[in-house]
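Q: Okay, here's the structure, questions in a sec.
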Amino acid sequence: MNDLKRDFPILQNREIVYLDSGATTQKPVQVIKKVEKFYETQNANPHRGAYTLSMEATEIYESARKKIAQFIHAKSSDEIIFTKNATEALNLIAYSYGMENLKSGDEIVISIMEHHSNLVPWQKVSKVTGAKLNYMYLNHDFEISDEEIENKITDQTKIVAITHVSNVLGTINPAKKIIKQAHKKGAIVIVDASQSIPHMKIDVQDLDADFLVFSGHKMLAPLGIGVLYGKRELLNQMSPFLMGGDMIEYVYEQNTTFAPLPNKFEAGTQNVEGVIGLAAAIDYIEEIGYDKIQKIENEVISYAREELAKLEFLTLYLTPNEENYSGVISFNIKNVHPHDVASILDGQGVCVRSRKSLCARSEERRVGKECRL
């Protein structure tokens, strides 16, 4: 693990213990150098010029798209849309698919553990279309039970949007089971893989996800780059979310035709350096290997869980089922505000995320209808 630590310049330049990778990861030198090389020797606008430098930039950009498609086992690189982050990708789906395909009487199902990016857009969609927004709640192990899945995903359900791994609890949700139930009822499924893809191999064809999104900055890549995967037939049916350069085919005075996938959803100059950095991050992850990543994580997390459980003044919010758990440790120091805890730890060079729950009691936090993590 110390060998890997040397790959991260910020950990050599700052006396810190960084424990906030769920918010954003630090960047290895291998990623930083790739971005640096692009600006020093390859910088141009892809798809815009007929000169050599622009064509080289186009090749780099599209090669990265192919690498990402292979990384998640998409059928085609045309199914990979570059976005600013997972939030933008989820909003794209909500507006381009949700707004156009839902009506009064339809139902949207999400879990109570969703990140706001996979909750607030569906609130908006439900209000505009008249569709009903339903929640799958958690049991006492901070998991979604089989009964909850079967009871909430019904014949009226048209969209299910689910986080693969909770960014608060670390719970690994049964994505394949949820997708199977949703497809049985004729619904499409959106998987937020932002918190899972840094920790585990994802195969979108094996999952049979209709859409899957993730952010590069949570998997060692630069800020400001995200990915939307969508099945080709669904993406072809959807209208563009943003209009502008490079997503058009022909423009007339009163009408415009749109470019084919993936360009249809990539208006304007893209974050090319972010795409290059994401491809470099994938190379870095694959060089280490998910088996080694999970081995290191399991050792660290098992030790942390064991030691933290000994502290009587601390409450842990974790599923006891370690096989359904990944990477996030949530806790509360009794009678101390979480922001104070984070400030005290920061004084010792320890970086942690702090947030104040909207719920006062853990029982409400698990299952309360008006409660959010």
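Ordered as shown in the structure tokens, chains take letters A, B, and onward, while each chain numbers its residues from 1 and ligands are numbered from 1 in the order shown.
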What's the 10 Å shell around A:Glu107, counting only C-alpha atoms, without same-chain residues fewer than 5 positions away, as a PyMOL selection string?
A: chain A and resi 102+126+130-134+152-160+187
Q: Skipping near chain neighbours, those fewer than 3 positions away, what residues fall within 8 Å of A:Ala279 using only C-alpha atoms, listed as a ChimeraX atom specification?
A: /A:64,67-68,275-276,282-283
Q: Could you name the residues that touch A:Leu235 at 8 Å or less, counting only C-alpha atoms, but leaving out those on the same chain fewer than 5 positions away, as a list in words?
A: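 Residues meeting the cut-off are Glu79, Gly230 and Leu261 of chain A.
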Q: Would you export the selected residues with N, CA and C atoms as a PDB file, in the first residue's frame, please?
A:
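The resulting file, selection10.pdb, is reproduced below:
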```
ATOM      1  N   GLU A  79     -22.388   4.038 -27.282  1.00  0.00           N
ATOM      2  CA  GLU A  79     -23.248   4.047 -26.104  1.00  0.00           C
ATOM      3  C   GLU A  79     -22.632   4.815 -24.933  1.00  0.00           C
ATOM      4  N   GLY A 230     -25.758   4.294 -22.060  1.00  0.00           N
ATOM      5  CA  GLY A 230     -27.150   3.973 -22.324  1.00  0.00           C
ATOM      6  C   GLY A 230     -27.251   2.973 -23.459  1.00  0.00           C
ATOM      7  N   LEU A 261     -25.393   9.186 -32.673  1.00  0.00           N
ATOM      8  CA  LEU A 261     -24.684   8.910 -31.417  1.00  0.00           C
ATOM      9  C   LEU A 261     -23.185   8.773 -31.670  1.00  0.00           C
TER      10      LEU A 261
END
```
Q: Give the answer as one residue: which of A:Glu56, A:Asp7, A:Glu148, A:Glu88 has the shortest atom-to-atom distance to A:Leu220, using only C-alpha atoms?
A: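 Of all the options, A:Asp7 lies closest to A:Leu220.
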Q: At a cut-off of 10 Å, using only C-alpha atoms, what residues contact A:Glu273? Leave out same-chain residues fewer than 3 positions from it and give the result as a list of chain:residue names.
A: A:Ile32, A:Lys34, A:Val35, A:Glu36, A:Lys37, A:Phe38, A:Tyr39, A:Asn43, A:Ile60, A:Tyr61, A:Ala221, A:Pro222, A:Gly224, A:Ile225, A:Gln270, A:Ile276, A:Gly277, A:Leu278, A:Ala279
Q: Now that the selection is made, can you save its residues with N, CA and C atoms as a JSON list (two decimals), in the first residue's frame?
A:
```
[["chain", "number", "residue", "atom", "x", "y", "z"],
["A", 32, "ILE", "N", -1.99, 12.71, -13.87],
["A", 32, "ILE", "CA", -1.56, 14.11, -13.99],
["A", 32, "ILE", "C", -0.65, 14.29, -15.20],
["A", 34, "LYS", "N", -0.50, 12.54, -17.97],
["A", 34, "LYS", "CA", -1.24, 12.40, -19.23],
["A", 34, "LYS", "C", -1.95, 13.70, -19.59],
["A", 35, "VAL", "N", -2.54, 14.34, -18.61],
["A", 35, "VAL", "CA", -3.21, 15.63, -18.84],
["A", 35, "VAL", "C", -2.18, 16.69, -19.21],
["A", 36, "GLU", "N", -1.08, 16.68, -18.53],
["A", 36, "GLU", "CA", 0.00, 17.62, -18.80],
["A", 36, "GLU", "C", 0.52, 17.46, -20.23],
["A", 37, "LYS", "N", 0.72, 16.20, -20.66],
["A", 37, "LYS", "CA", 1.20, 15.92, -22.02],
["A", 37, "LYS", "C", 0.23, 16.43, -23.07],
["A", 38, "PHE", "N", -1.06, 16.27, -22.81],
["A", 38, "PHE", "CA", -2.05, 16.75, -23.78],
["A", 38, "PHE", "C", -1.91, 18.24, -24.01],
["A", 39, "TYR", "N", -1.80, 19.00, -22.93],
["A", 39, "TYR", "CA", -1.70, 20.45, -23.08],
["A", 39, "TYR", "C", -0.36, 20.89, -23.65],
["A", 43, "ASN", "N", -2.83, 19.65, -27.70],
["A", 43, "ASN", "CA", -4.04, 20.44, -27.49],
["A", 43, "ASN", "C", -4.64, 20.97, -28.79],
["A", 60, "ILE", "N", -7.31, 10.85, -30.05],
["A", 60, "ILE", "CA", -7.09, 10.63, -28.62],
["A", 60, "ILE", "C", -8.42, 10.58, -27.88],
["A", 61, "TYR", "N", -9.29, 11.53, -28.21],
["A", 61, "TYR", "CA", -10.60, 11.65, -27.56],
["A", 61, "TYR", "C", -11.46, 10.41, -27.80],
["A", 221, "ALA", "N", -9.65, 10.12, -11.63],
["A", 221, "ALA", "CA", -9.59, 10.99, -12.81],
["A", 221, "ALA", "C", -9.81, 12.45, -12.41],
["A", 222, "PRO", "N", -9.61, 13.38, -13.35],
["A", 222, "PRO", "CA", -9.81, 14.80, -13.03],
["A", 222, "PRO", "C", -11.25, 15.13, -12.69],
["A", 224, "GLY", "N", -14.73, 17.21, -13.20],
["A", 224, "GLY", "CA", -15.44, 17.76, -14.35],
["A", 224, "GLY", "C", -15.62, 16.82, -15.52],
["A", 225, "ILE", "N", -15.46, 15.51, -15.30],
["A", 225, "ILE", "CA", -15.72, 14.54, -16.37],
["A", 225, "ILE", "C", -16.59, 13.41, -15.83],
["A", 270, "GLN", "N", -15.86, 19.94, -25.55],
["A", 270, "GLN", "CA", -15.88, 19.00, -24.42],
["A", 270, "GLN", "C", -14.65, 19.14, -23.53],
["A", 276, "ILE", "N", -9.16, 12.38, -21.29],
["A", 276, "ILE", "CA", -7.82, 11.77, -21.34],
["A", 276, "ILE", "C", -7.40, 11.31, -19.94],
["A", 277, "GLY", "N", -7.68, 12.14, -18.95],
["A", 277, "GLY", "CA", -7.35, 11.76, -17.57],
["A", 277, "GLY", "C", -8.15, 10.56, -17.11],
["A", 278, "LEU", "N", -9.41, 10.46, -17.54],
["A", 278, "LEU", "CA", -10.24, 9.31, -17.17],
["A", 278, "LEU", "C", -9.68, 8.02, -17.80],
["A", 279, "ALA", "N", -9.25, 8.11, -19.05],
["A", 279, "ALA", "CA", -8.65, 6.94, -19.69],
["A", 279, "ALA", "C", -7.38, 6.52, -18.96]]
```
Q: Set the distance at 7 Å and use only C-alpha atoms: which residues neighbour stretch 71-73 of chain A once local chain neighbours fewer than 4 positions away are removed? I'd like the list as a ChimeraX atom specification.
A: /A:67,202-205
Q: Show which residues sit within 10 Å of stretch 294-310 of chain A, as a JSON list (two decimals) with N, CA and C atoms, in the first residue's frame. Count only C-alpha atoms, and ignore same-chain residues fewer than 2 positions away.
A:
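Full text of around37.json as output:
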```json
[["chain", "number", "residue", "atom", "x", "y", "z"],
["A", 1, "MET", "N", 0.83, -1.21, 0.00],
["A", 1, "MET", "CA", 0.00, 0.00, 0.00],
["A", 1, "MET", "C", 0.86, 1.26, 0.00],
["A", 198, "PRO", "N", -15.14, 2.63, -8.58],
["A", 198, "PRO", "CA", -13.74, 2.63, -8.11],
["A", 198, "PRO", "C", -13.36, 1.36, -7.37],
["A", 199, "HIS", "N", -14.35, 0.57, -6.97],
["A", 199, "HIS", "CA", -14.09, -0.55, -6.06],
["A", 199, "HIS", "C", -14.34, -1.92, -6.68],
["A", 200, "MET", "N", -15.10, -1.98, -7.75],
["A", 200, "MET", "CA", -15.48, -3.29, -8.30],
["A", 200, "MET", "C", -15.66, -3.22, -9.81],
["A", 289, "GLY", "N", -5.33, -3.79, -10.67],
["A", 289, "GLY", "CA", -6.28, -4.91, -10.68],
["A", 289, "GLY", "C", -7.29, -4.80, -9.56],
["A", 290, "TYR", "N", -8.55, -5.06, -9.89],
["A", 290, "TYR", "CA", -9.60, -4.97, -8.88],
["A", 290, "TYR", "C", -9.40, -5.97, -7.74],
["A", 291, "ASP", "N", -8.81, -7.12, -8.02],
["A", 291, "ASP", "CA", -8.58, -8.10, -6.96],
["A", 291, "ASP", "C", -7.67, -7.53, -5.88],
["A", 292, "LYS", "N", -6.61, -6.86, -6.30],
["A", 292, "LYS", "CA", -5.68, -6.27, -5.33],
["A", 292, "LYS", "C", -6.33, -5.09, -4.62],
["A", 312, "GLU", "N", -17.22, 3.14, 22.85],
["A", 312, "GLU", "CA", -18.58, 3.25, 23.37],
["A", 312, "GLU", "C", -19.23, 4.59, 23.04],
["A", 313, "PHE", "N", -18.44, 5.61, 22.82],
["A", 313, "PHE", "CA", -18.99, 6.95, 22.54],
["A", 313, "PHE", "C", -19.30, 7.15, 21.05],
["A", 314, "LEU", "N", -19.13, 6.09, 20.26],
["A", 314, "LEU", "CA", -19.29, 6.19, 18.80],
["A", 314, "LEU", "C", -20.36, 5.22, 18.32],
["A", 315, "THR", "N", -21.24, 5.71, 17.43],
["A", 315, "THR", "CA", -22.26, 4.85, 16.82],
["A", 315, "THR", "C", -21.94, 4.64, 15.35],
["A", 316, "LEU", "N", -21.87, 3.38, 14.94],
["A", 316, "LEU", "CA", -21.59, 3.04, 13.54],
["A", 316, "LEU", "C", -22.90, 2.78, 12.81],
["A", 318, "LEU", "N", -23.59, 0.84, 9.73],
["A", 318, "LEU", "CA", -23.07, -0.08, 8.72],
["A", 318, "LEU", "C", -23.90, -1.35, 8.71],
["A", 322, "GLU", "N", -20.97, -8.09, 5.70],
["A", 322, "GLU", "CA", -19.79, -7.52, 5.06],
["A", 322, "GLU", "C", -19.72, -7.82, 3.57],
["A", 325, "TYR", "N", -21.14, -4.87, 1.47],
["A", 325, "TYR", "CA", -20.61, -3.61, 1.97],
["A", 325, "TYR", "C", -19.36, -3.22, 1.19],
["A", 326, "SER", "N", -19.21, -1.92, 0.94],
["A", 326, "SER", "CA", -18.05, -1.44, 0.20],
["A", 326, "SER", "C", -17.66, -0.03, 0.63],
["A", 327, "GLY", "N", -16.50, 0.11, 1.20],
["A", 327, "GLY", "CA", -15.73, 1.34, 1.18],
["A", 327, "GLY", "C", -16.11, 2.55, 2.01],
["A", 328, "VAL", "N", -17.30, 2.65, 2.55],
["A", 328, "VAL", "CA", -17.69, 3.86, 3.29],
["A", 328, "VAL", "C", -17.98, 3.49, 4.74],
["A", 329, "ILE", "N", -17.42, 4.26, 5.66],
["A", 329, "ILE", "CA", -17.70, 4.04, 7.08],
["A", 329, "ILE", "C", -18.37, 5.29, 7.63],
["A", 331, "PHE", "N", -20.26, 7.13, 10.85],
["A", 331, "PHE", "CA", -20.34, 7.03, 12.31],
["A", 331, "PHE", "C", -20.77, 8.37, 12.88]]
```
Q: Excluding stretch 91-95 of chain A and any residue of its chain fewer than 2 positions from it, enumerate the residues within 7 Å of it, using only C-alpha atoms, and give them as a count of residues only.
A: 10
Q: For a test of reading the model, state the distance in Å between atom CA of A:Pro28 and atom CA of A:Arg14, rounded to one decimal.
A: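 Atom CA of A:Arg14 lies at a distance of 14.4 Å from atom CA of A:Pro28.
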Q: Tell me which of A:Gln70, A:Asn255, A:Asp210, A:Gly105 sits closest to A:Glu286, counting only C-alpha atoms.
A: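 Ranking A:Gln70, A:Asn255, A:Asp210, A:Gly105 by distance to A:Glu286, first place goes to A:Gln70.
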Q: Among stretch 120-253 of chain A, which ones does DSSP assign to strand (DSSP E) (computed from the backbone)? Answer as a ChimeraX atom specification.
A: /A:132-136,157-163,188-192,211-215,226-230,248-251
Q: In terms of the shortest atom-to-atom distance over only C-alpha atoms, which of A:Leu207, A:Ala267, A:Ile81, A:Val120 is closest to A:Gly244?
A: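 Among the listed residues, the smallest separation from A:Gly244 belongs to A:Ala267.
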Q: Could you find all residues in stretch 103-347 of chain A that DSSP calls helix (DSSP H, G or I) from the backbone, and write them as an NGL selection string?
A: :A and (116-118 or 120-129 or 146-152 or 175-184 or 204-207 or 216-218 or 232-237 or 263-265 or 272-288 or 290-308 or 322-324 or 338-347)
Q: Between atom CA of A:Ala86 and atom CA of A:Lys218, what is the distance, to one decimal in Å?
A: 10.2 Å
